[in-house]
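*Asks:* See my_file.txt below, with compact mmCIF, C-alpha atoms.
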```
# COMPACT_ATOMS: atom_id res chain seq x y z
CA MET A 1 129.66 103.94 94.86
CA ALA A 2 130.17 103.55 91.15
CA PHE A 3 133.01 101.85 89.34
CA ALA A 4 131.97 102.23 85.69
CA TRP A 5 134.89 104.63 85.15
CA LEU A 6 137.37 101.93 86.10
CA GLN A 7 137.48 100.27 82.71
CA GLY A 8 138.77 103.37 80.94
CA ALA A 9 141.20 104.09 83.78
CA LEU A 10 143.12 100.82 83.89
CA GLY A 11 145.76 102.12 81.46
CA ASP A 12 146.45 105.22 83.58
CA ILE A 13 146.59 103.21 86.79
CA THR A 14 149.00 100.69 85.25
CA ARG A 15 151.24 103.46 83.89
CA GLY A 16 151.29 105.16 87.29
CA ALA A 17 152.07 101.90 89.07
CA LEU A 18 154.96 101.22 86.68
CA THR A 19 156.43 104.66 87.45
CA THR A 20 156.13 103.96 91.17
CA ILE A 21 157.94 100.65 90.63
CA LEU A 22 160.66 102.40 88.62
CA LEU A 23 161.13 104.95 91.43
CA ILE A 24 161.46 102.31 94.13
CA VAL A 25 163.79 100.07 92.08
CA VAL A 26 166.23 102.93 91.38
CA THR A 27 165.98 104.17 94.97
CA THR A 28 166.62 100.69 96.37
CA PHE A 29 169.81 100.16 94.37
CA VAL A 30 171.31 103.64 94.69
CA GLY A 31 170.16 104.00 98.30
CA THR A 32 171.65 100.67 99.38
CA LEU A 33 174.94 101.42 97.65
CA LEU A 34 175.04 104.87 99.24
CA SER A 35 174.31 103.44 102.68
CA ILE A 36 177.10 100.86 102.38
CA LEU A 37 179.54 103.67 101.56
CA GLY A 38 178.05 105.82 104.33
CA ALA A 39 178.20 103.08 106.95
CA ALA A 40 181.78 102.19 105.99
CA GLY A 41 182.77 105.87 105.99
CA ARG A 42 181.18 106.39 109.37
CA ARG A 43 183.32 103.61 110.81
CA ASN A 44 186.64 103.96 109.00
CA GLY A 45 186.69 107.43 107.40
CA PRO A 46 188.52 110.56 108.52
CA VAL A 47 186.96 112.53 111.39
CA PHE A 48 185.29 115.16 109.23
CA VAL A 49 183.68 112.48 107.06
CA LYS A 50 182.39 110.68 110.15
CA ARG A 51 180.94 113.91 111.50
CA ALA A 52 179.39 114.93 108.16
CA ILE A 53 177.67 111.54 107.83
CA ALA A 54 176.35 111.76 111.40
CA VAL A 55 174.88 115.23 110.74
CA TYR A 56 173.35 114.08 107.46
CA VAL A 57 171.68 111.10 109.12
CA GLU A 58 170.22 113.22 111.94
CA VAL A 59 168.94 115.96 109.62
CA MET A 60 167.20 113.51 107.29
CA ARG A 61 165.71 111.42 110.08
CA ASN A 62 164.28 114.40 111.94
CA THR A 63 162.58 116.26 109.08
CA PRO A 64 159.56 115.20 106.98
CA PHE A 65 160.15 113.64 103.57
CA LEU A 66 157.69 116.10 102.01
CA VAL A 67 159.78 119.06 103.20
CA GLN A 68 162.97 117.44 101.92
CA LEU A 69 161.28 116.96 98.56
CA PHE A 70 160.12 120.60 98.38
CA PHE A 71 163.55 121.80 99.45
CA ILE A 72 165.23 119.80 96.67
CA PHE A 73 162.68 120.59 93.95
CA PHE A 74 161.83 124.23 94.76
CA GLY A 75 164.82 125.30 96.86
CA LEU A 76 167.83 124.00 94.94
CA PRO A 77 167.10 125.98 91.72
CA SER A 78 168.04 129.15 93.63
CA LEU A 79 171.53 127.61 93.93
CA GLY A 80 171.46 127.00 90.18
CA ILE A 81 170.61 123.28 90.48
CA ARG A 82 167.45 122.70 88.48
CA LEU A 83 166.13 119.14 88.45
CA ASP A 84 163.48 117.35 86.49
CA PRO A 85 160.56 116.28 88.77
CA ILE A 86 161.45 112.62 88.40
CA LEU A 87 165.15 113.24 89.11
CA ALA A 88 164.26 115.40 92.13
CA ALA A 89 161.98 112.60 93.35
CA ILE A 90 164.67 109.95 92.94
CA LEU A 91 167.26 112.17 94.64
CA ALA A 92 164.95 112.94 97.58
CA MET A 93 163.91 109.29 97.98
CA THR A 94 167.48 108.04 97.76
CA LEU A 95 168.84 110.55 100.25
CA ASN A 96 165.94 109.89 102.62
CA MET A 97 166.24 106.12 102.46
CA ALA A 98 170.03 106.15 102.81
CA ALA A 99 169.76 108.05 106.10
CA TYR A 100 167.77 105.16 107.57
CA THR A 101 169.72 102.35 105.90
CA ILE A 102 173.13 103.77 106.90
CA GLU A 103 172.18 102.99 110.48
CA ILE A 104 170.82 99.57 109.51
CA VAL A 105 173.91 98.60 107.46
CA GLY A 106 176.14 99.97 110.24
CA ALA A 107 174.45 97.71 112.78
CA GLY A 108 175.09 94.79 110.43
CA LEU A 109 178.79 95.66 110.07
CA ASP A 110 179.11 95.83 113.85
CA ALA A 111 177.47 92.42 114.15
CA VAL A 112 180.22 90.66 112.16
CA PRO A 113 182.79 89.33 114.67
CA ALA A 114 186.23 90.99 114.52
CA GLY A 115 187.76 87.52 114.15
CA GLN A 116 186.41 87.36 110.61
CA THR A 117 188.43 90.42 109.59
CA GLU A 118 191.51 89.22 111.42
CA ALA A 119 191.33 85.78 109.82
CA ALA A 120 190.91 87.25 106.34
CA LEU A 121 193.81 89.69 106.83
CA SER A 122 196.05 86.92 108.06
CA LEU A 123 195.26 85.02 104.85
CA GLY A 124 196.80 87.95 102.98
CA LEU A 125 193.64 89.62 101.64
CA ARG A 126 193.82 93.38 101.24
CA PRO A 127 191.50 95.48 103.49
CA ARG A 128 189.19 96.31 100.61
CA GLN A 129 188.86 92.64 99.66
CA VAL A 130 188.17 91.81 103.29
CA PHE A 131 185.34 94.35 103.40
CA ILE A 132 183.72 93.39 100.11
CA LYS A 133 184.20 89.61 100.22
CA ILE A 134 184.08 88.76 103.91
CA VAL A 135 182.44 91.41 106.09
CA LEU A 136 179.79 92.92 103.80
CA PRO A 137 178.04 89.68 102.72
CA GLN A 138 177.71 88.58 106.34
CA ALA A 139 176.47 92.02 107.39
CA LEU A 140 173.86 92.15 104.60
CA LYS A 141 172.59 88.74 105.60
CA VAL A 142 172.00 89.92 109.17
CA ILE A 143 170.25 93.17 108.27
CA TYR A 144 168.28 91.94 105.28
CA PRO A 145 164.88 91.83 107.06
CA ALA A 146 165.28 95.42 108.32
CA LEU A 147 166.37 96.54 104.85
CA THR A 148 163.29 94.87 103.36
CA SER A 149 160.94 96.78 105.68
CA GLN A 150 162.69 100.04 104.88
CA ILE A 151 162.27 99.48 101.12
CA VAL A 152 158.54 98.80 101.54
CA ILE A 153 158.15 101.92 103.74
CA MET A 154 159.92 103.98 101.08
CA MET A 155 157.62 102.62 98.37
CA LEU A 156 154.59 103.74 100.39
CA GLU A 157 156.18 107.10 101.11
CA SER A 158 156.78 107.66 97.38
CA ALA A 159 153.07 108.57 97.08
CA VAL A 160 154.16 112.04 98.21
CA VAL A 161 156.20 112.77 95.08
CA SER A 162 152.89 113.28 93.23
CA GLN A 163 153.07 116.73 94.85
CA ILE A 164 155.88 117.80 92.49
CA ALA A 165 153.98 116.37 89.51
CA VAL A 166 155.85 113.11 89.04
CA ARG A 167 153.37 110.98 87.12
CA GLU A 168 153.33 108.01 89.49
CA LEU A 169 150.37 106.14 90.94
CA THR A 170 149.05 108.85 93.27
CA TYR A 171 149.40 111.53 90.60
CA GLU A 172 147.34 109.39 88.21
CA ALA A 173 144.74 108.96 90.97
CA ASP A 174 144.56 112.73 91.45
CA MET A 175 144.03 113.23 87.72
CA LEU A 176 141.43 110.46 87.52
CA GLN A 177 139.32 111.76 90.39
CA ALA A 178 139.39 115.26 88.90
CA ARG A 179 138.05 113.81 85.67
CA THR A 180 135.51 111.31 86.99
CA PHE A 181 134.34 113.18 90.14
CA ARG A 182 134.48 109.79 91.84
CA SER A 183 137.08 110.76 94.44
CA PHE A 184 136.42 108.11 97.05
CA GLU A 185 136.14 105.25 94.59
CA THR A 186 139.31 106.33 92.78
CA TYR A 187 141.40 106.54 95.94
CA PHE A 188 139.85 103.31 97.20
CA VAL A 189 140.94 101.41 94.10
CA VAL A 190 144.40 102.98 94.11
CA THR A 191 144.84 102.22 97.83
CA LEU A 192 144.11 98.56 97.03
CA VAL A 193 146.73 98.70 94.25
CA TYR A 194 149.26 100.05 96.76
CA LEU A 195 148.33 97.31 99.23
CA LEU A 196 148.87 94.62 96.59
CA MET A 197 152.14 96.23 95.50
CA SER A 198 153.52 96.41 99.03
CA MET A 199 152.58 92.78 99.71
CA ALA A 200 154.09 91.65 96.40
CA LEU A 201 157.26 93.70 96.98
CA ARG A 202 157.73 92.17 100.42
CA ARG A 203 157.16 88.66 99.08
CA LEU A 204 159.59 89.29 96.21
CA LEU A 205 162.31 90.67 98.50
CA VAL A 206 161.95 87.78 100.94
CA THR A 207 162.18 85.15 98.19
CA GLY A 208 164.99 86.99 96.41
CA GLY A 209 166.93 87.41 99.64
CA ARG A 210 166.66 83.73 100.48
CA ARG A 211 168.01 82.81 97.07
CA VAL A 212 170.84 85.37 96.79
CA LEU A 213 172.00 85.82 100.37
CA GLY A 214 170.67 82.66 101.94
CA ALA A 215 169.12 85.01 104.45
CA GLY A 216 166.60 83.35 106.73
CA VAL A 217 163.95 86.05 106.65
CA SER A 218 160.32 85.75 107.57
CA MET B 219 152.86 142.68 96.68
CA ILE B 220 153.22 142.38 100.43
CA GLU B 221 156.79 142.67 101.67
CA PHE B 222 157.91 139.92 104.01
CA THR B 223 160.91 140.51 106.21
CA PHE B 224 162.87 137.54 107.52
CA TRP B 225 161.16 137.90 110.89
CA ASP B 226 157.71 137.99 109.30
CA ILE B 227 158.47 134.64 107.73
CA VAL B 228 159.81 133.14 110.95
CA ARG B 229 156.89 134.47 113.01
CA ASN B 230 154.27 133.14 110.60
CA LEU B 231 155.96 129.75 110.45
CA LEU B 232 156.15 129.52 114.24
CA LEU B 233 152.47 130.43 114.53
CA ALA B 234 151.65 127.67 112.05
CA ALA B 235 153.87 125.22 113.93
CA ARG B 236 151.36 125.41 116.81
CA TRP B 237 148.91 123.49 114.64
CA THR B 238 151.53 120.90 113.81
CA VAL B 239 152.15 120.37 117.53
CA LEU B 240 148.43 120.29 118.38
CA LEU B 241 147.67 117.85 115.57
CA SER B 242 150.54 115.57 116.65
CA LEU B 243 149.28 115.56 120.24
CA ALA B 244 145.65 114.95 119.24
CA ALA B 245 146.65 112.10 116.91
CA PHE B 246 148.96 110.59 119.52
CA ILE B 247 146.31 110.63 122.26
CA GLY B 248 143.54 109.47 119.93
CA GLY B 249 145.85 106.86 118.45
CA ALA B 250 146.74 105.57 121.91
CA LEU B 251 143.06 105.15 122.84
CA VAL B 252 142.07 103.41 119.60
CA GLY B 253 145.37 101.52 119.60
CA LEU B 254 144.59 100.15 123.07
CA ALA B 255 141.30 98.79 121.73
CA VAL B 256 143.10 97.25 118.76
CA LEU B 257 145.65 95.74 121.17
CA PHE B 258 142.86 94.04 123.16
CA PHE B 259 141.53 92.51 119.94
CA ARG B 260 145.07 91.56 118.88
CA ILE B 261 145.92 89.63 122.06
CA ALA B 262 142.46 88.21 122.77
CA GLU B 263 141.92 84.50 123.24
CA TYR B 264 139.73 84.20 120.16
CA LYS B 265 141.29 83.55 116.78
CA TRP B 266 138.75 85.65 114.84
CA SER B 267 139.50 88.64 117.02
CA ARG B 268 143.27 88.32 116.59
CA ARG B 269 142.81 87.92 112.87
CA ILE B 270 140.67 91.08 112.54
CA ALA B 271 143.21 93.11 114.50
CA SER B 272 146.12 91.76 112.41
CA GLY B 273 144.23 92.67 109.25
CA TYR B 274 143.57 96.18 110.56
CA ILE B 275 147.26 96.67 111.36
CA ALA B 276 148.43 95.21 108.04
CA LEU B 277 146.01 97.48 106.17
CA PHE B 278 147.39 100.66 107.73
CA GLN B 279 151.01 99.55 107.51
CA GLY B 280 150.64 98.36 103.91
CA THR B 281 149.11 101.49 102.33
CA PRO B 282 150.42 105.06 102.02
CA LEU B 283 149.30 107.49 104.73
CA LEU B 284 148.44 109.97 101.98
CA MET B 285 145.85 107.51 100.59
CA GLN B 286 144.42 106.98 104.09
CA LEU B 287 144.00 110.75 104.45
CA PHE B 288 142.33 111.04 101.03
CA LEU B 289 139.93 108.21 101.89
CA MET B 290 138.99 109.97 105.15
CA PHE B 291 138.57 113.30 103.41
CA PHE B 292 136.45 112.00 100.54
CA GLY B 293 134.90 108.95 102.20
CA LEU B 294 133.32 110.36 105.35
CA PRO B 295 131.14 112.86 103.45
CA MET B 296 129.66 109.88 101.60
CA LEU B 297 128.44 108.59 104.97
CA GLY B 298 126.66 111.90 105.40
CA LEU B 299 129.25 113.42 107.77
CA ARG B 300 130.33 116.97 107.19
CA ILE B 301 134.06 116.94 107.13
CA GLU B 302 136.70 119.63 107.09
CA PRO B 303 140.45 119.35 106.59
CA TRP B 304 141.17 119.34 110.32
CA THR B 305 138.67 116.56 111.12
CA ALA B 306 140.01 114.43 108.28
CA ALA B 307 143.57 115.13 109.47
CA VAL B 308 142.88 114.24 113.12
CA LEU B 309 140.85 111.11 112.27
CA GLY B 310 143.24 109.94 109.56
CA LEU B 311 146.33 110.30 111.74
CA THR B 312 144.50 108.79 114.74
CA PHE B 313 143.73 105.55 112.89
CA PHE B 314 147.22 105.52 111.34
CA ALA B 315 148.80 105.92 114.80
CA SER B 316 146.49 103.33 116.40
CA ALA B 317 147.74 100.59 114.07
CA TYR B 318 151.41 101.34 114.77
CA LEU B 319 150.97 101.79 118.53
CA ALA B 320 148.96 98.56 118.82
CA GLU B 321 151.68 96.67 116.95
CA ILE B 322 154.46 98.10 119.16
CA TRP B 323 152.57 97.23 122.36
CA ARG B 324 151.77 93.78 120.99
CA SER B 325 155.50 93.15 120.57
CA GLY B 326 155.90 94.19 124.23
CA VAL B 327 153.19 91.75 125.35
CA ASP B 328 154.78 88.95 123.29
CA ALA B 329 158.19 89.68 124.81
CA LEU B 330 156.97 88.88 128.32
CA PRO B 331 157.69 85.36 129.57
CA ARG B 332 154.72 82.97 129.65
CA GLY B 333 155.28 82.64 133.39
CA GLN B 334 153.89 86.13 133.96
CA TRP B 335 150.47 84.97 132.74
CA ASP B 336 150.71 81.71 134.66
CA ALA B 337 151.69 83.52 137.86
CA GLY B 338 148.71 85.84 137.47
CA ALA B 339 146.36 82.91 136.89
CA SER B 340 147.74 81.03 139.88
CA LEU B 341 146.95 84.05 142.05
CA GLY B 342 143.34 83.67 140.97
CA LEU B 343 143.27 86.77 138.77
CA HIS B 344 140.97 86.64 135.77
CA ARG B 345 142.13 87.73 132.35
CA LEU B 346 141.28 91.43 132.57
CA GLN B 347 142.95 91.71 135.96
CA GLU B 348 146.02 89.90 134.63
CA LEU B 349 146.23 92.38 131.76
CA ARG B 350 145.64 95.43 133.91
CA LEU B 351 147.86 94.50 136.86
CA ILE B 352 150.63 92.40 135.37
CA ILE B 353 150.92 92.28 131.59
CA LEU B 354 150.15 95.77 130.28
CA PRO B 355 152.24 97.78 132.78
CA GLN B 356 155.30 95.71 131.85
CA ALA B 357 154.51 95.78 128.12
CA PHE B 358 154.15 99.58 128.19
CA SER B 359 157.34 100.05 130.13
CA ILE B 360 159.58 97.91 127.86
CA THR B 361 158.23 99.54 124.67
CA ARG B 362 158.82 103.14 125.73
CA ALA B 363 161.73 103.68 123.31
CA PRO B 364 159.89 102.57 120.13
CA ILE B 365 156.81 104.55 121.23
CA VAL B 366 158.86 107.77 121.46
CA GLY B 367 160.42 106.84 118.12
CA PHE B 368 156.96 106.51 116.61
CA LEU B 369 155.97 109.91 118.03
CA VAL B 370 158.79 111.41 115.92
CA GLN B 371 157.41 109.61 112.87
CA LEU B 372 153.92 110.93 113.69
CA ILE B 373 155.13 114.55 113.97
CA LYS B 374 156.81 114.22 110.57
CA SER B 375 153.67 112.59 109.14
CA THR B 376 151.54 115.64 109.99
CA ALA B 377 153.25 117.33 107.00
CA LEU B 378 151.04 115.22 104.72
CA THR B 379 147.86 116.83 106.06
CA SER B 380 148.90 119.99 104.18
CA ILE B 381 147.93 118.11 101.01
CA ILE B 382 144.30 117.71 102.12
CA GLY B 383 144.22 121.40 103.06
CA PHE B 384 144.96 121.48 106.79
CA GLU B 385 146.71 124.77 107.65
CA GLU B 386 149.79 123.49 109.46
CA LEU B 387 153.45 124.29 109.05
CA VAL B 388 153.97 122.99 105.51
CA ARG B 389 150.79 124.48 104.04
CA THR B 390 151.62 127.86 105.54
CA SER B 391 155.14 127.62 104.16
CA ASN B 392 153.74 126.92 100.67
CA ALA B 393 151.64 130.09 100.94
CA ILE B 394 154.60 132.15 102.18
CA ASN B 395 156.77 130.75 99.42
CA ASN B 396 154.19 131.74 96.82
CA ALA B 397 154.33 135.30 98.12
CA THR B 398 158.08 135.65 98.65
CA PHE B 399 159.61 133.36 96.00
CA GLU B 400 162.30 132.34 98.46
CA PRO B 401 161.86 128.55 98.58
CA PHE B 402 165.41 127.89 99.77
CA LYS B 403 164.96 130.06 102.84
CA VAL B 404 161.33 129.12 103.56
CA TYR B 405 161.68 125.32 103.25
CA GLY B 406 165.03 125.47 105.01
CA LEU B 407 163.34 127.18 107.97
CA VAL B 408 160.48 124.65 107.93
CA ALA B 409 163.00 121.81 108.03
CA LEU B 410 164.76 123.55 110.92
CA ILE B 411 161.51 123.90 112.91
CA PHE B 412 160.69 120.21 112.39
CA PHE B 413 164.24 119.33 113.39
CA VAL B 414 163.96 121.31 116.62
CA MET B 415 160.72 119.47 117.45
CA CYS B 416 161.95 115.98 116.54
CA PHE B 417 165.64 115.86 117.45
CA PRO B 418 165.20 116.03 121.26
CA LEU B 419 162.65 113.20 121.04
CA THR B 420 165.00 111.13 118.88
CA GLN B 421 167.76 111.62 121.44
CA TYR B 422 165.35 110.72 124.25
CA ALA B 423 164.35 107.52 122.43
CA ARG B 424 168.04 106.68 122.05
CA THR B 425 168.64 107.20 125.79
CA LEU B 426 165.68 104.96 126.63
CA GLU B 427 167.00 102.33 124.26
CA GLN B 428 170.46 102.36 125.82
CA ARG B 429 168.96 102.22 129.30
CA ALA B 430 166.85 99.22 128.25
CA ALA B 431 169.88 97.50 126.71
CA ALA B 432 171.91 98.02 129.89
CA HIS B 433 169.36 96.10 132.00
```
Could you render the structure as structure tokens?

*Replies:*
Amino acid sequence: MAFAWLQGALGDITRGALTTILLIVVTTFVGTLLSILGAAGRRNGPVFVKRAIAVYVEVMRNTPFLVQLFFIFFGLPSLGIRLDPILAAILAMTLNMAAYTIEIVGAGLDAVPAGQTEAALSLGLRPRQVFIKIVLPQALKVIYPALTSQIVIMMLESAVVSQIAVRELTYEADMLQARTFRSFETYFVVTLVYLLMSMALRRLLVTGGRRVLGAGVS
Amino acid sequence: MIEFTFWDIVRNLLLAARWTVLLSLAAFIGGALVGLAVLFFRIAEYKWSRRIASGYIALFQGTPLLMQLFLMFFGLPMLGLRIEPWTAAVLGLTFFASAYLAEIWRSGVDALPRGQWDAGASLGLHRLQELRLIILPQAFSITRAPIVGFLVQLIKSTALTSIIGFEELVRTSNAINNATFEPFKVYGLVALIFFVMCFPLTQYARTLEQRAAAH
């Protein structure tokens, strides 16, 4: 074991970690938004929309993220859709996460008693206002812990996007170990960085959730 | 250049899928055995033992599987063990699975009413007998749905072993794609094969879940 290389590598590791953070922040926001639309569409949309969302959820949940990533990055160009590695990574992560969170958000929507909607409608609110102001906040509060876990899982899964040369934390680790020949030590240090990041992310989401949603999460 | 017909591609992918299935089974069985040991530590009477097991589980659930595989692949040779992609893949996925399985079973043990332990003790059973005859059979039976759900996750996770050089479905598909330049078709087929393996299990987990909810 030798860690002399570490001093010169801190810049690369930090840069990689920042890219990983960027990926997960964008994925969290777009993915959550997408899953709210998806969950609402699955409940109230026309039949073909309901069916399309159901198929999408099943396909994404029953295939590996790595294959989805390769399909988007290598496969889509043959349809004329050519994406930057980082855009392909964000697209793959967002679509993957949304498939899981659509089910989570849906469970939250189902958990809000129908009386809430009825009461709001009888006060003269329009259906859209009822959804955004009454039902959704209560649903998000219920599902917040599950959403938190899903975000952390997605952050850990993002290590895979190094395979299409997105310069995030794992990619930087690959480059470092090729340069230093200290493979085990490099991956050991980077694994610790991931561990710290996932613990910090969870802590941040729990505190943030308590403040914004008043969600009682552990 | 070698010409690949559509059926050549399908046949080669199906042959490679054998290794995906075998690896999933090996990791599931190995993970169940190690996971059982972790479970015993996790629910033991001693605080130090519970703490070690919690740390073990948190470590595997808080780091990327890809990093765990790299550490196996590059770390074991440092201990003087000769290691090849398949050994690193089996060992890496086994430890990964053990942490998740132990945690699922632990939730099953915790879900049982305290009275089950007390009843066992009042019958004069000692702790191991209580676990073997009363607690574990019930804990296993109420966690069947999440266990099947985790098996799906494990099958999908085998895709990552392609990165450390294990010749399973995804690695074979990369090679075929390099020869045919038909990524849309090749990765589409790979996704389809994974779907055929995972979807029935997902449905089965859902049935188990509904059956459990009906009770």

*Asks:* Would you pick out the contacts of Ile132 of chain A at 12 Å or less, using all atoms listed in the file, so that residues sharing its chain but fewer than 3 positions from it are not included, and give the list as a ChimeraX atom specification?

*Replies:* /A:36-37,40,109,117,120,125-129,135-140

*Asks:* Kindly assemble as a tab-separated table a list of the chain B residues that lie within 6 Å of chain A, each paired with its nearest atom pair and their distance in Å to one decimal, using all atoms listed in the file, sorted first by chain and then by ascending residue number.

*Replies:*
```
residue	atom	partner	partner_atom	distance
B:Gly280	CA	A:Leu195	CA	5.3
B:Thr281	CA	A:Leu195	CA	5.3
B:Pro282	CA	A:Leu156	CA	4.7
B:Leu289	CA	A:Phe184	CA	6.0
B:Phe292	CA	A:Phe184	CA	5.2
B:Gly293	CA	A:Phe184	CA	5.4
B:Lys374	CA	A:Pro64	CA	4.6
B:Pro401	CA	A:Gly75	CA	4.7
B:Phe402	CA	A:Gly75	CA	3.9
B:Tyr405	CA	A:Phe71	CA	5.5
B:Ala409	CA	A:Thr63	CA	5.7
B:Phe412	CA	A:Thr63	CA	5.5
B:Phe413	CA	A:Asn62	CA	5.1
B:Cys416	CA	A:Asn62	CA	5.4
B:Phe417	CA	A:Asn62	CA	5.9
```

*Asks:* If I take atom CA of Pro303 of chain B and atom CA of Phe368 of chain B, how far is one from the other in Å, to one decimal?

*Replies:*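 So the two atoms, atom CA of Pro303 of chain B and atom CA of Phe368 of chain B, lie 23.2 Å apart.
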
*Asks:* Please determine, counting all atoms listed in the file, which residue among B:Glu321, B:Ala430, B:Phe258, B:Thr398 has the shortest atom-to-atom distance to Arg345 of chain B.

*Replies:*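 Closest candidate: B:Phe258.
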
*Asks:* Quick one: residues within 8 Å of Arg324 of chain B, all atoms listed in the file counted, chain neighbours fewer than 2 positions away excluded, as a VMD selection string?

*Replies:* chain B and resid 257 260 to 261 320 to 322 326 to 328 357

*Asks:* For the point (167.2, 107.0, 120.3) in file coordinates, what residues are within 12 Å, counting all atoms listed in the file? Give the answer as a list in words?

*Replies:*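 So the residues meeting the distance criterion are Glu58, Arg61, Asn62 and Glu103 of chain A; Arg362, Ala363, Pro364, Ile365, Val366, Gly367, Phe368, Leu369, Val370, Cys416, Phe417, Pro418, Leu419, Thr420, Gln421, Tyr422, Ala423, Arg424, Thr425, Leu426, Glu427, Gln428, Arg429, Ala430 and Ala431 of chain B.
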
*Asks:* Would you mind listing what lies within 9 Å of Ala245 of chain B as a PyMOL selection string, with only C-alpha atoms counted and same-chain residues fewer than 5 positions away left out?

*Replies:* chain B and resi 240+250+307-316+372

*Asks:* Find the residues around Ile53 of chain A up to 9 Å (all atoms listed in the file counted), leave out those fewer than 3 positions away in its own chain, and share them as a PyMOL selection string.

*Replies:* chain A and resi 38-39+41-42+48-50+56-58+99

*Asks:* Rounded to one decimal, what separation in Å do you get between atom CA of Phe358 of chain B and atom CA of Ala271 of chain B?

*Replies:*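 Answer for the atom CA of Phe358 of chain B to atom CA of Ala271 of chain B separation: 18.7 Å.
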
*Asks:* Taking (173.9, 89.9, 108.6) as a centre in this file's frame and 12 Å as the limit, can you find every polymer residue with an atom that close, using only C-alpha atoms, and give them as number ranges by chain?

*Replies:* A: 104-113, 134-147, 209, 213-217

*Asks:* Take atom CA of Arg82 of chain A and atom CA of Leu284 of chain B and report the distance between them in Å, one decimal.

*Replies:*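 Result for atom CA of Arg82 of chain A versus atom CA of Leu284 of chain B: 26.6 Å, one decimal.
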
*Asks:* If we count only C-alpha atoms and set the cut-off at 8 Å, which residues sit around Phe259 of chain B, ignoring sequence neighbours fewer than 4 positions away in its own chain? Please answer as a short mmCIF file (atom, residue, chain, number, x, y, z; two decimals) with C-alpha atoms, in the coordinates of the input.

*Replies:*
```
data_model
loop_
_atom_site.label_atom_id
_atom_site.label_comp_id
_atom_site.auth_asym_id
_atom_site.auth_seq_id
_atom_site.Cartn_x
_atom_site.Cartn_y
_atom_site.Cartn_z
CA ALA B 255 141.30 98.79 121.73
CA SER B 267 139.50 88.64 117.02
CA ARG B 268 143.27 88.32 116.59
CA ILE B 270 140.67 91.08 112.54
CA ALA B 271 143.21 93.11 114.50
#
```

*Asks:* Measuring between only C-alpha atoms, which one of A:Gly208, A:Gly31, A:Gly11, A:Gly80 shows the shortest distance to Thr101 of chain A?

*Replies:* A:Gly31

*Asks:* Which one is closest to Arg203 of chain A: A:Ser149, A:Leu169, A:Gly16, A:Arg51? Count only C-alpha atoms.

*Replies:*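 Residue with the minimum atom-to-atom distance to Arg203 of chain A: A:Ser149.
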